[in-house]
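protein.txt (compact mmCIF, C-alpha atoms and all ligand atoms)
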```txt
# COMPACT_ATOMS: atom_id res chain seq x y z
CA MET A 27 -8.11 -16.87 1.43
CA GLN A 28 -7.43 -15.25 -1.96
CA ILE A 29 -4.18 -16.03 -3.81
CA ALA A 30 -3.26 -12.34 -3.45
CA ASP A 31 -3.44 -12.70 0.34
CA GLN A 32 -0.90 -15.54 0.28
CA ILE A 33 1.75 -13.36 -1.39
CA PRO A 34 4.19 -12.32 1.35
CA TYR A 35 3.92 -8.68 2.42
CA LYS A 36 1.44 -7.83 -0.35
CA LYS A 37 -1.07 -6.56 2.18
CA ASP A 38 1.58 -4.36 3.79
CA GLY A 39 2.04 -2.45 0.53
CA GLU A 40 -1.71 -2.10 0.17
CA LEU A 41 -1.98 -0.60 3.64
CA VAL A 42 0.71 1.96 2.78
CA LEU A 43 -1.24 2.78 -0.39
CA LEU A 44 -4.41 3.24 1.65
CA ASP A 45 -2.53 5.49 4.07
CA HIS A 46 -1.51 7.86 1.26
CA ILE A 47 -4.89 8.29 -0.41
CA PRO A 48 -6.24 11.71 0.64
CA LYS A 49 -8.93 11.35 3.29
CA THR A 50 -11.10 13.76 1.25
CA ALA A 51 -10.87 11.80 -2.03
CA LYS A 52 -14.26 11.51 -3.72
CA ARG A 53 -13.57 10.00 -7.17
CA LEU A 54 -11.35 6.94 -7.64
CA LEU A 55 -10.10 5.20 -10.79
CA ASP A 56 -8.60 1.69 -10.55
CA LEU A 57 -6.63 0.44 -13.56
CA GLY A 58 -6.58 -3.35 -13.99
CA THR A 59 -9.08 -3.68 -11.16
CA GLY A 60 -9.33 -7.50 -11.26
CA ASP A 61 -12.07 -8.55 -8.86
CA GLY A 62 -12.13 -4.98 -7.52
CA ARG A 63 -9.71 -5.70 -4.68
CA LEU A 64 -8.31 -2.15 -4.32
CA ILE A 65 -11.74 -0.56 -4.75
CA LYS A 66 -13.06 -2.79 -1.94
CA LEU A 67 -10.15 -1.80 0.32
CA LEU A 68 -10.63 1.92 -0.33
CA ARG A 69 -14.46 1.83 -0.21
CA THR A 70 -14.26 0.13 3.18
CA ASN A 71 -11.74 2.51 4.67
CA LEU A 72 -12.41 5.89 3.04
CA SER A 73 -15.78 7.35 3.96
CA SER A 74 -15.22 10.31 1.61
CA LEU A 75 -15.37 8.14 -1.54
CA GLN A 76 -18.47 8.83 -3.60
CA GLU A 77 -17.64 7.14 -6.88
CA ALA A 78 -15.22 4.52 -8.17
CA VAL A 79 -14.47 3.32 -11.69
CA GLY A 80 -12.60 0.07 -12.30
CA LEU A 81 -11.16 -0.90 -15.69
CA ASP A 82 -10.05 -4.37 -16.73
CA VAL A 83 -9.60 -6.38 -19.91
CA SER A 84 -10.42 -9.87 -18.61
CA PRO A 85 -14.07 -10.96 -19.00
CA THR A 86 -13.65 -13.32 -16.02
CA MET A 87 -12.37 -10.57 -13.74
CA LEU A 88 -14.95 -8.08 -15.03
CA ASN A 89 -17.69 -10.57 -14.17
CA MET A 90 -16.32 -11.10 -10.68
CA ALA A 91 -16.06 -7.37 -10.01
CA ARG A 92 -19.49 -6.63 -11.48
CA ASP A 93 -21.02 -9.40 -9.42
CA TYR A 94 -19.41 -8.13 -6.21
CA PHE A 95 -20.53 -4.53 -6.80
CA LYS A 96 -23.92 -5.33 -8.34
CA ASN A 97 -25.83 -3.53 -5.58
CA ASP A 98 -23.37 -0.67 -5.25
CA TYR A 99 -24.30 1.97 -7.81
CA SER A 100 -21.33 4.15 -6.84
CA VAL A 101 -18.95 1.62 -8.44
CA LYS A 102 -18.75 1.31 -12.23
CA ILE A 103 -16.79 -1.58 -13.76
CA MET A 104 -15.80 -1.10 -17.40
CA ALA A 105 -14.06 -3.22 -20.02
CA HIS A 106 -10.90 -1.55 -21.26
CA ASP A 107 -7.52 -2.78 -22.50
CA LEU A 108 -4.81 -0.61 -20.98
CA SER A 109 -2.69 -1.26 -24.08
CA TYR A 110 -4.86 1.43 -25.66
CA PRO A 111 -5.43 5.06 -24.58
CA LEU A 112 -7.65 5.53 -21.55
CA PRO A 113 -11.30 6.38 -22.29
CA LYS A 114 -11.65 10.13 -22.80
CA ASP A 115 -15.05 10.59 -21.18
CA LEU A 116 -14.32 9.52 -17.60
CA GLY A 117 -13.46 12.99 -16.27
CA GLN A 118 -10.85 13.64 -13.60
CA PHE A 119 -10.19 11.72 -10.39
CA ASP A 120 -8.87 12.57 -6.94
CA ALA A 121 -6.97 9.30 -6.93
CA VAL A 122 -5.89 6.92 -9.68
CA VAL A 123 -4.65 3.56 -8.39
CA SER A 124 -3.41 0.37 -9.98
CA GLY A 125 -2.49 -2.98 -8.47
CA PHE A 126 -0.25 -5.47 -10.27
CA ALA A 127 -1.52 -4.65 -13.76
CA ILE A 128 0.76 -2.11 -15.45
CA HIS A 129 3.72 -4.51 -15.56
CA HIS A 130 1.84 -6.42 -18.28
CA LEU A 131 2.21 -3.46 -20.65
CA THR A 132 5.19 -2.70 -22.88
CA HIS A 133 7.57 -0.10 -21.48
CA GLU A 134 6.54 2.36 -24.21
CA ARG A 135 2.88 1.91 -23.27
CA LYS A 136 3.64 2.24 -19.54
CA ARG A 137 5.19 5.65 -20.17
CA ALA A 138 2.33 6.81 -22.42
CA LEU A 139 -0.20 5.58 -19.85
CA TYR A 140 1.51 7.58 -17.09
CA ARG A 141 1.03 10.73 -19.22
CA GLU A 142 -2.66 9.94 -19.72
CA ILE A 143 -3.03 9.32 -15.98
CA PHE A 144 -1.42 12.71 -15.22
CA ASP A 145 -4.16 14.37 -17.29
CA MET A 146 -6.86 12.41 -15.48
CA VAL A 147 -5.70 13.21 -11.94
CA LYS A 148 -7.21 16.39 -10.50
CA PRO A 149 -4.67 19.04 -9.42
CA GLY A 150 -3.56 18.05 -5.90
CA GLY A 151 -4.68 14.45 -6.46
CA ILE A 152 -2.58 11.30 -6.39
CA PHE A 153 -1.45 8.38 -8.58
CA CYS A 154 -0.46 5.13 -6.83
CA ASN A 155 0.98 2.26 -8.82
CA TYR A 156 1.46 -0.83 -6.68
CA ASP A 157 3.15 -3.21 -9.06
CA HIS A 158 5.56 -6.01 -9.82
CA VAL A 159 8.90 -4.45 -10.80
CA ALA A 160 12.25 -5.74 -12.02
CA SER A 161 14.91 -6.74 -9.52
CA SER A 162 18.13 -4.75 -9.60
CA THR A 163 20.30 -7.86 -9.87
CA PRO A 164 19.86 -11.50 -10.98
CA ARG A 165 20.60 -12.62 -7.40
CA LEU A 166 17.76 -10.50 -6.02
CA HIS A 167 15.47 -11.93 -8.67
CA GLN A 168 16.39 -15.47 -7.56
CA GLN A 169 15.74 -14.41 -3.98
CA PHE A 170 12.30 -13.13 -5.00
CA LEU A 171 11.45 -16.42 -6.72
CA ALA A 172 12.68 -18.42 -3.73
CA LYS A 173 10.67 -16.41 -1.20
CA THR A 174 7.38 -16.40 -3.08
CA THR A 175 5.00 -18.90 -4.56
CA VAL A 176 6.06 -17.45 -7.93
CA LYS A 177 8.36 -20.25 -9.03
CA LYS A 178 8.77 -19.42 -12.69
CA GLU A 179 8.53 -16.39 -14.89
CA ASP A 180 5.12 -15.32 -16.12
CA LYS A 181 5.77 -14.85 -19.83
CA SER A 182 3.37 -11.90 -19.95
CA ASN A 183 5.44 -9.92 -17.41
CA LYS A 184 7.28 -6.90 -18.79
CA LEU A 185 9.10 -5.93 -15.64
CA LEU A 186 10.86 -2.58 -15.33
CA ASN A 187 12.79 -1.23 -12.37
CA THR A 188 11.44 1.48 -10.10
CA GLU A 189 14.16 4.04 -10.90
CA VAL A 190 13.16 4.40 -14.55
CA GLN A 191 9.45 4.55 -13.75
CA LEU A 192 9.92 7.14 -10.98
CA GLU A 193 12.00 9.30 -13.35
CA TRP A 194 9.25 9.13 -15.97
CA LEU A 195 6.67 10.25 -13.40
CA ARG A 196 8.88 13.26 -12.51
CA GLU A 197 9.43 14.16 -16.17
CA ILE A 198 5.68 14.05 -16.80
CA GLY A 199 5.12 16.58 -14.02
CA PHE A 200 4.17 14.60 -10.92
CA THR A 201 5.65 15.87 -7.68
CA ASP A 202 6.55 14.09 -4.41
CA VAL A 203 7.47 11.13 -6.59
CA ASP A 204 9.01 8.24 -4.72
CA CYS A 205 8.85 4.56 -4.05
CA TYR A 206 6.80 4.68 -0.82
CA TRP A 207 7.11 0.95 -0.07
CA LYS A 208 9.06 -1.93 -1.55
CA TRP A 209 9.74 -5.61 -0.90
CA LEU A 210 11.96 -7.24 -3.53
CA GLU A 211 9.84 -7.06 -6.70
CA TYR A 212 6.74 -5.49 -5.17
CA ALA A 213 6.84 -1.69 -5.23
CA LEU A 214 4.45 1.14 -4.48
CA MET A 215 5.29 4.09 -6.71
CA ILE A 216 3.44 7.33 -6.02
CA GLY A 217 3.24 10.75 -7.63
CA VAL A 218 1.12 13.75 -6.73
CA LYS A 219 -0.22 16.18 -9.31
CA PRO A 220 0.82 19.76 -8.47
CA GLY A 221 -2.03 21.88 -7.13
CA ASP A 222 -3.64 22.44 -3.75
CA ILE A 223 -2.47 19.16 -2.22
CA MET A 224 -5.43 17.14 -0.97
CA THR A 225 -5.20 15.84 2.58
C1 LIG B 301 -2.79 -9.63 -10.67
S1 LIG B 301 -4.32 -8.99 -11.15
C2 LIG B 301 -4.50 -7.68 -9.98
C3 LIG B 301 -5.91 -7.31 -9.76
C4 LIG B 301 -6.13 -6.19 -8.72
N1 LIG B 301 -5.70 -4.91 -9.23
C5 LIG B 301 -5.42 -6.51 -7.43
O1 LIG B 301 -4.59 -5.70 -7.00
O2 LIG B 301 -5.70 -7.54 -6.83
C6 LIG B 301 -3.93 -8.09 -12.63
C7 LIG B 301 -5.15 -7.58 -13.35
O3 LIG B 301 -4.72 -6.76 -14.45
C8 LIG B 301 -5.55 -7.02 -15.55
N2 LIG B 301 -4.85 -6.68 -16.78
C9 LIG B 301 -3.73 -7.23 -17.30
N3 LIG B 301 -3.42 -6.67 -18.47
C10 LIG B 301 -4.38 -5.73 -18.70
C11 LIG B 301 -4.64 -4.82 -19.78
N4 LIG B 301 -3.85 -4.76 -20.84
N5 LIG B 301 -5.70 -4.01 -19.69
C12 LIG B 301 -6.53 -4.06 -18.61
N6 LIG B 301 -6.34 -4.90 -17.58
C13 LIG B 301 -5.28 -5.72 -17.62
C14 LIG B 301 -5.85 -8.51 -15.45
O4 LIG B 301 -6.99 -8.88 -16.18
C15 LIG B 301 -6.02 -8.69 -13.94
O5 LIG B 301 -7.34 -8.51 -13.55
```

Output the file's structure in the form of structure tokens.
Ligand SMILES: C[S@@+](CC[C@H](N)C(=O)[O-])C[C@H]1O[C@@H](n2cnc3c(N)ncnc32)[C@H](O)[C@@H]1O
Amino acid sequence: MQIADQIPYKKDGELVLLDHIPKTAKRLLDLGTGDGRLIKLLRTNLSSLQEAVGLDVSPTMLNMARDYFKNDYSVKIMAHDLSYPLPKDLGQFDAVVSGFAIHHLTHERKRALYREIFDMVKPGGIFCNYDHVASSTPRLHQQFLAKTTVKKEDKSNKLLNTEVQLEWLREIGFTDVDCYWKWLEYALMIGVKPGDIMT
């Protein structure tokens, strides 16, 4: 069993993410893809998917993802540090997803990245950020630590609450913005780009 599968309720959030990806989505972008976990989930469950691109900065994770998808030419795994602007030549996507990666970025970069993502989502397409977010109170943070295997702070975490991030998504122009699922510090934040909404 992967570490990710031992995190309480993590799979529940992923299933809600899967449920909201349009059933006609053809092109998928995964930011901070890791071993390609979200791409695997969506490739397995969405027959419409024709192409997926996964970005990550870690050579170890890139190797794992590339190895897993080595015989699947519809999946492209690319090295990219999300601290810098997204590559310009990737085109637009029906769905942009991210799992537990964006919280590593500074708040300023998170906001700038959300703008870049807006430009890369096709009209009517969707952005799903399933991420580690800040607790609303110190007591809830202690509860989170007590209920998970996460026993001490990861120094690279730059946690931000959902309210601020959802407001940014609205300001940028996403519609139907909400937190579609949440358990303590795990949140699924979604926005849809205005256009003919994909189903
Ligand atoms: C907890 S893992 C999650 C992997 C996968 N998305 C999942 O849901 O299982 C976080 C991933 O984000 C990547 N990551 C962290 N900071 C990043 C950055 N600045 N640019 C690109 N990827 C980054 C890490 O290398 C790692 O693979």

Legend entry - Shell of 9 Å around ligand LIG 301 (chain B) (only C-alpha atoms and all ligand atoms), written as a ChimeraX atom specification: /A:30,40,56-65,81-88,105-110,123-131,156-157,182

Atom pair CA of Lys114 (chain A) + CA of Lys136 (chain A), distance 17.5 Å

(message) Tell me which residues come within 10 Å of (-13.4, 11.9, -0.7), as a VMD selection string, counting all atoms listed in the file in the file's coordinates.
(response) chain A and resid 47 to 54 72 to 77 120 to 121 224 to 225

Once you add 6 Å to each side, what are the centre and edge lengths of the axis-aligned box holding all listed atoms of region 167-177 of chain A? One decimal in Å, as JSON, if you can.
```
{"center_x": 10.7, "center_y": -16.1, "center_z": -5.1, "size_x": 23.4, "size_y": 20.3, "size_z": 19.8}
```

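Nearest residue to Leu41 (chain A) among A:Tyr206, A:Ser161, A:Phe170, A:Asn183 is A:Tyr206, counting all atoms listed in the file.
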
As a check of understanding: the span from CA of Thr163 (chain A) to CA of Lys178 (chain A) is 16.6 Å

With distances taken over only C-alpha atoms, the candidate from A:Lys148, A:His167, A:Lys36, A:His158 nearest Ile223 (chain A) is A:Lys148

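Coordinates place CA of Met146 (chain A) at a distance of 4.6 Å from CA of Gln118 (chain A).
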
What's around region 138-140 of chain A at 8 Å? Count all atoms listed in the file, leave out sequence neighbours fewer than 5 positions away in its own chain, and write the answer as number ranges by chain.
A: 108, 111-112, 194-195, 198

Please write a file for region 112-125 of chain A, taken from the block I just shared, that holds all heavy atoms and is laid out as a PDB file, in the first residue's frame.
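Below you can see selection-v2.pdb, which holds the result:
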```
ATOM      1  N   LEU A 112       4.295  28.402 -15.941  1.00  0.00           N
ATOM      2  CA  LEU A 112       4.028  27.141 -16.644  1.00  0.00           C
ATOM      3  C   LEU A 112       4.557  27.229 -18.074  1.00  0.00           C
ATOM      4  O   LEU A 112       4.551  28.316 -18.669  1.00  0.00           O
ATOM      5  CB  LEU A 112       2.514  26.886 -16.679  1.00  0.00           C
ATOM      6  CG  LEU A 112       1.873  26.527 -15.341  1.00  0.00           C
ATOM      7  CD1 LEU A 112       0.351  26.482 -15.451  1.00  0.00           C
ATOM      8  CD2 LEU A 112       2.403  25.181 -14.843  1.00  0.00           C
ATOM      9  N   PRO A 113       5.012  26.112 -18.629  1.00  0.00           N
ATOM     10  CA  PRO A 113       5.494  26.122 -20.019  1.00  0.00           C
ATOM     11  C   PRO A 113       4.408  26.683 -20.944  1.00  0.00           C
ATOM     12  O   PRO A 113       3.220  26.387 -20.767  1.00  0.00           O
ATOM     13  CB  PRO A 113       5.749  24.640 -20.314  1.00  0.00           C
ATOM     14  CG  PRO A 113       5.897  23.990 -18.981  1.00  0.00           C
ATOM     15  CD  PRO A 113       5.083  24.788 -18.013  1.00  0.00           C
ATOM     16  N   LYS A 114       4.846  27.479 -21.914  1.00  0.00           N
ATOM     17  CA  LYS A 114       3.894  28.194 -22.779  1.00  0.00           C
ATOM     18  C   LYS A 114       3.352  27.329 -23.916  1.00  0.00           C
ATOM     19  O   LYS A 114       2.349  27.660 -24.529  1.00  0.00           O
ATOM     20  CB  LYS A 114       4.590  29.406 -23.417  1.00  0.00           C
ATOM     21  CG  LYS A 114       4.963  30.506 -22.440  1.00  0.00           C
ATOM     22  CD  LYS A 114       3.949  31.646 -22.482  1.00  0.00           C
ATOM     23  CE  LYS A 114       4.266  32.768 -21.518  1.00  0.00           C
ATOM     24  NZ  LYS A 114       3.811  32.491 -20.162  1.00  0.00           N
ATOM     25  N   ASP A 115       4.079  26.233 -24.221  1.00  0.00           N
ATOM     26  CA  ASP A 115       3.767  25.516 -25.459  1.00  0.00           C
ATOM     27  C   ASP A 115       2.906  24.266 -25.242  1.00  0.00           C
ATOM     28  O   ASP A 115       2.848  23.393 -26.094  1.00  0.00           O
ATOM     29  CB  ASP A 115       5.081  25.113 -26.143  1.00  0.00           C
ATOM     30  CG  ASP A 115       6.002  24.367 -25.168  1.00  0.00           C
ATOM     31  OD1 ASP A 115       5.653  24.291 -23.977  1.00  0.00           O
ATOM     32  OD2 ASP A 115       7.049  23.848 -25.612  1.00  0.00           O
ATOM     33  N   LEU A 116       2.218  24.181 -24.124  1.00  0.00           N
ATOM     34  CA  LEU A 116       1.461  22.951 -23.845  1.00  0.00           C
ATOM     35  C   LEU A 116       0.046  22.978 -24.424  1.00  0.00           C
ATOM     36  O   LEU A 116      -0.614  21.952 -24.497  1.00  0.00           O
ATOM     37  CB  LEU A 116       1.392  22.712 -22.326  1.00  0.00           C
ATOM     38  CG  LEU A 116       2.721  22.419 -21.630  1.00  0.00           C
ATOM     39  CD1 LEU A 116       2.512  22.224 -20.140  1.00  0.00           C
ATOM     40  CD2 LEU A 116       3.373  21.177 -22.243  1.00  0.00           C
ATOM     41  N   GLY A 117      -0.426  24.166 -24.810  1.00  0.00           N
ATOM     42  CA  GLY A 117      -1.788  24.281 -25.322  1.00  0.00           C
ATOM     43  C   GLY A 117      -2.791  24.324 -24.186  1.00  0.00           C
ATOM     44  O   GLY A 117      -2.424  24.524 -23.023  1.00  0.00           O
ATOM     45  N   GLN A 118      -4.052  24.130 -24.523  1.00  0.00           N
ATOM     46  CA  GLN A 118      -5.113  24.208 -23.502  1.00  0.00           C
ATOM     47  C   GLN A 118      -5.626  22.804 -23.154  1.00  0.00           C
ATOM     48  O   GLN A 118      -5.511  21.862 -23.937  1.00  0.00           O
ATOM     49  CB  GLN A 118      -6.247  25.083 -23.997  1.00  0.00           C
ATOM     50  CG  GLN A 118      -5.899  26.573 -23.950  1.00  0.00           C
ATOM     51  CD  GLN A 118      -7.125  27.435 -24.101  1.00  0.00           C
ATOM     52  OE1 GLN A 118      -7.902  27.251 -25.022  1.00  0.00           O
ATOM     53  NE2 GLN A 118      -7.295  28.399 -23.199  1.00  0.00           N
ATOM     54  N   PHE A 119      -6.208  22.714 -21.962  1.00  0.00           N
ATOM     55  CA  PHE A 119      -6.635  21.418 -21.418  1.00  0.00           C
ATOM     56  C   PHE A 119      -8.094  21.476 -20.994  1.00  0.00           C
ATOM     57  O   PHE A 119      -8.589  22.507 -20.539  1.00  0.00           O
ATOM     58  CB  PHE A 119      -5.758  21.049 -20.213  1.00  0.00           C
ATOM     59  CG  PHE A 119      -4.324  20.811 -20.584  1.00  0.00           C
ATOM     60  CD1 PHE A 119      -3.431  21.861 -20.687  1.00  0.00           C
ATOM     61  CD2 PHE A 119      -3.878  19.523 -20.869  1.00  0.00           C
ATOM     62  CE1 PHE A 119      -2.106  21.648 -21.059  1.00  0.00           C
ATOM     63  CE2 PHE A 119      -2.549  19.306 -21.247  1.00  0.00           C
ATOM     64  CZ  PHE A 119      -1.671  20.365 -21.336  1.00  0.00           C
ATOM     65  N   ASP A 120      -8.764  20.330 -21.106  1.00  0.00           N
ATOM     66  CA  ASP A 120     -10.149  20.231 -20.619  1.00  0.00           C
ATOM     67  C   ASP A 120     -10.160  20.216 -19.095  1.00  0.00           C
ATOM     68  O   ASP A 120     -11.113  20.684 -18.474  1.00  0.00           O
ATOM     69  CB  ASP A 120     -10.807  18.942 -21.138  1.00  0.00           C
ATOM     70  CG  ASP A 120     -10.796  18.881 -22.648  1.00  0.00           C
ATOM     71  OD1 ASP A 120     -11.304  19.830 -23.268  1.00  0.00           O
ATOM     72  OD2 ASP A 120     -10.249  17.906 -23.201  1.00  0.00           O
ATOM     73  N   ALA A 121      -9.120  19.645 -18.514  1.00  0.00           N
ATOM     74  CA  ALA A 121      -9.050  19.581 -17.054  1.00  0.00           C
ATOM     75  C   ALA A 121      -7.602  19.763 -16.619  1.00  0.00           C
ATOM     76  O   ALA A 121      -6.690  19.134 -17.163  1.00  0.00           O
ATOM     77  CB  ALA A 121      -9.579  18.233 -16.560  1.00  0.00           C
ATOM     78  N   VAL A 122      -7.416  20.655 -15.638  1.00  0.00           N
ATOM     79  CA  VAL A 122      -6.114  20.791 -14.984  1.00  0.00           C
ATOM     80  C   VAL A 122      -6.325  20.345 -13.541  1.00  0.00           C
ATOM     81  O   VAL A 122      -7.248  20.821 -12.863  1.00  0.00           O
ATOM     82  CB  VAL A 122      -5.596  22.245 -15.024  1.00  0.00           C
ATOM     83  CG1 VAL A 122      -4.292  22.361 -14.243  1.00  0.00           C
ATOM     84  CG2 VAL A 122      -5.395  22.704 -16.469  1.00  0.00           C
ATOM     85  N   VAL A 123      -5.512  19.386 -13.090  1.00  0.00           N
ATOM     86  CA  VAL A 123      -5.646  18.880 -11.724  1.00  0.00           C
ATOM     87  C   VAL A 123      -4.311  19.014 -10.998  1.00  0.00           C
ATOM     88  O   VAL A 123      -3.254  19.130 -11.630  1.00  0.00           O
ATOM     89  CB  VAL A 123      -6.114  17.396 -11.688  1.00  0.00           C
ATOM     90  CG1 VAL A 123      -7.457  17.226 -12.383  1.00  0.00           C
ATOM     91  CG2 VAL A 123      -5.070  16.482 -12.331  1.00  0.00           C
ATOM     92  N   SER A 124      -4.380  18.996  -9.679  1.00  0.00           N
ATOM     93  CA  SER A 124      -3.160  18.989  -8.888  1.00  0.00           C
ATOM     94  C   SER A 124      -3.468  18.305  -7.564  1.00  0.00           C
ATOM     95  O   SER A 124      -4.524  18.536  -6.972  1.00  0.00           O
ATOM     96  CB  SER A 124      -2.683  20.432  -8.659  1.00  0.00           C
ATOM     97  OG  SER A 124      -1.445  20.405  -7.974  1.00  0.00           O
ATOM     98  N   GLY A 125      -2.543  17.467  -7.128  1.00  0.00           N
ATOM     99  CA  GLY A 125      -2.741  16.763  -5.859  1.00  0.00           C
ATOM    100  C   GLY A 125      -1.589  17.007  -4.914  1.00  0.00           C
ATOM    101  O   GLY A 125      -0.452  16.590  -5.181  1.00  0.00           O
TER     102      GLY A 125
END
```
